[in-house]
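I have placed the structure first, in the form of structure tokens, so that the comments after it can refer back to it.
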Amino acid sequence: MFPLNDAAATIELGNKLDETINRKVMAMAAWLRKHAFDGLNNIIPAYSSLTVSYDPYLIKTRYQPASTAFDWIKDLLQAAYNQSNENSTASPALHRIPVCYEEEYAPDLDTLALHLQITTSEIIALHTAVVYRVYMIGFLPGFAYLGTVDDKIAAPRKAQPSSVMAGSVGIAGKQTGIYPLNSPGGWNIIGRIPLKMFDPHAEQPVWMQPGDAVQFFPITAREFKTRQ
């Protein structure tokens, strides 16, 4: 555990993409939400870490800890680790998401197939065969990091980033992800979804959450246009 700044603390459980660790992170986040305290600003789960942002002044005046506000938060994070149970979390929401893998929406699919020495059809079949876990939301608001792809379609990031359209689905390493906004990006873009991942005007701007499950299914360009 370490202070991220004077108003945030992080607990690290490892440094790898691992579902067991991620489930523990989510269980700790659920425990903290259940035991919310005055001065809690945000709970931010990641792959293998959990960050809590807080109001140190409010904690000092409300709870009057013997030491610093960080030490008080540190004890709370330890309690979250000790008392949370990754096997007691609710079943994840499953999102079935349409993807158009046709050339217009998949600028890197042919190049990736050449690099992997398999066909584009095989990439699509393997990409849609897996139920992915949402490991975290980050980089951009609503950017979903999903894992893990089949080893046969795992691929490094592109050497040079390029312009990526909102809704683009990419592969980088053993992860796949969805770009919520137009952005520079270095992932291999193999398709695009006709859904908004981020809507700042919605009651819930980001509808996909860490711990959710995702499965893609292919649609045609015509279907893509009718779903937008």
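Lettering and numbering for the structure tokens are positional, with chains as A, B, ... in the shown order, residues counted from 1 in each chain, and ligands counted from 1 in the shown order.
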For this session: Select from region 24-192 of chain A everything DSSP, run on the backbone, classes as strand (DSSP E or B), then give the selection as a ChimeraX atom specification.
Result: /A:40-45,49-54,94-100,132-137,144-147,155,162-164,168-173,175-178,183-185,188-192
For this session: Pick out the residues sitting within 8 Å of Pro218 (chain A), and hand them over as a PyMOL selection string; count only C-alpha atoms, and ignore anything fewer than 3 positions along from it in its own chain.
Result: chain A and resi 98-101+124+128
Problem set entry | Who sits within 6 Å of region 175-185 of chain A, only C-alpha atoms, same chain under 3 positions skipped, as a PyMOL selection string | chain A and resi 142-149+161-172+197-198
For this session: One decimal, Å: what's the distance from CA of Leu58 (chain A) over to CA of Asp38 (chain A), could you say?
Result: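 Going from CA of Leu58 (chain A) over to CA of Asp38 (chain A) covers 7.0 Å.
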Exercise. Among region 41-219 of chain A, which ones does DSSP place in alpha helix (DSSP H), written as an NGL selection string?
Worked result: :A and (56-63 or 69-83 or 109-116 or 120-129)
Exercise. Of the residues A:Phe139, A:Tyr81, A:Tyr63, A:Phe217, which is the one nearest to Glu12 (chain A), using only C-alpha atoms?
Worked result: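 Looking only at the distances to Glu12 (chain A), the closest residue turns out to be A:Tyr81.
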For this session: Tell me, as a list of chain:residue names, which residues lie within 8 Å of region 102-111 of chain A, counting only C-alpha atoms; anything in the same chain fewer than 6 positions away does not count.
Result: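 Answer for this query is A:Thr120, A:Ser168, A:Asn188, A:Ile189, A:Ile190, A:Gly191, A:Arg192, A:Thr220, A:Ala221.
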Give me, as a tab-separated table, each residue of region 72-172 of chain A that comes within 12 Å of region 64-67 of chain A, together with its shortest interatomic pair and the distance in Å at one decimal, counting only C-alpha atoms, with rows ordered by chain and rising residue number.
```
residue	atom	partner	partner_atom	distance
A:Trp72	CA	A:Pro65	CA	6.4
A:Ile73	CA	A:Pro65	CA	9.9
A:Lys74	CA	A:Ser67	CA	11.1
A:Asp75	CA	A:Pro65	CA	10.8
A:Leu76	CA	A:Pro65	CA	11.9
```
Exercise. Smallest atom-to-atom distance to Asn41 (chain A): which of A:Pro141, A:Ala27, A:Ala7, A:Met136, using only C-alpha atoms?
Worked result: A:Ala7
Problem set entry | Selected residue of minimal separation from Arg96 (chain A) among A:Ala154, A:Ile118, A:Ala29, A:Val130, counting only C-alpha atoms |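 Answer, going by the shortest atom-to-atom distance: A:Val130.
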For this session: Identify which of the residues A:Gln78, A:Asn22, A:Asn87, A:Asn5 lies closest to Pro56 (chain A), counting only C-alpha atoms when measuring atom-to-atom distances.
Result: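 Of A:Gln78, A:Asn22, A:Asn87, A:Asn5, the one nearest Pro56 (chain A) is A:Asn5, counting only C-alpha atoms.
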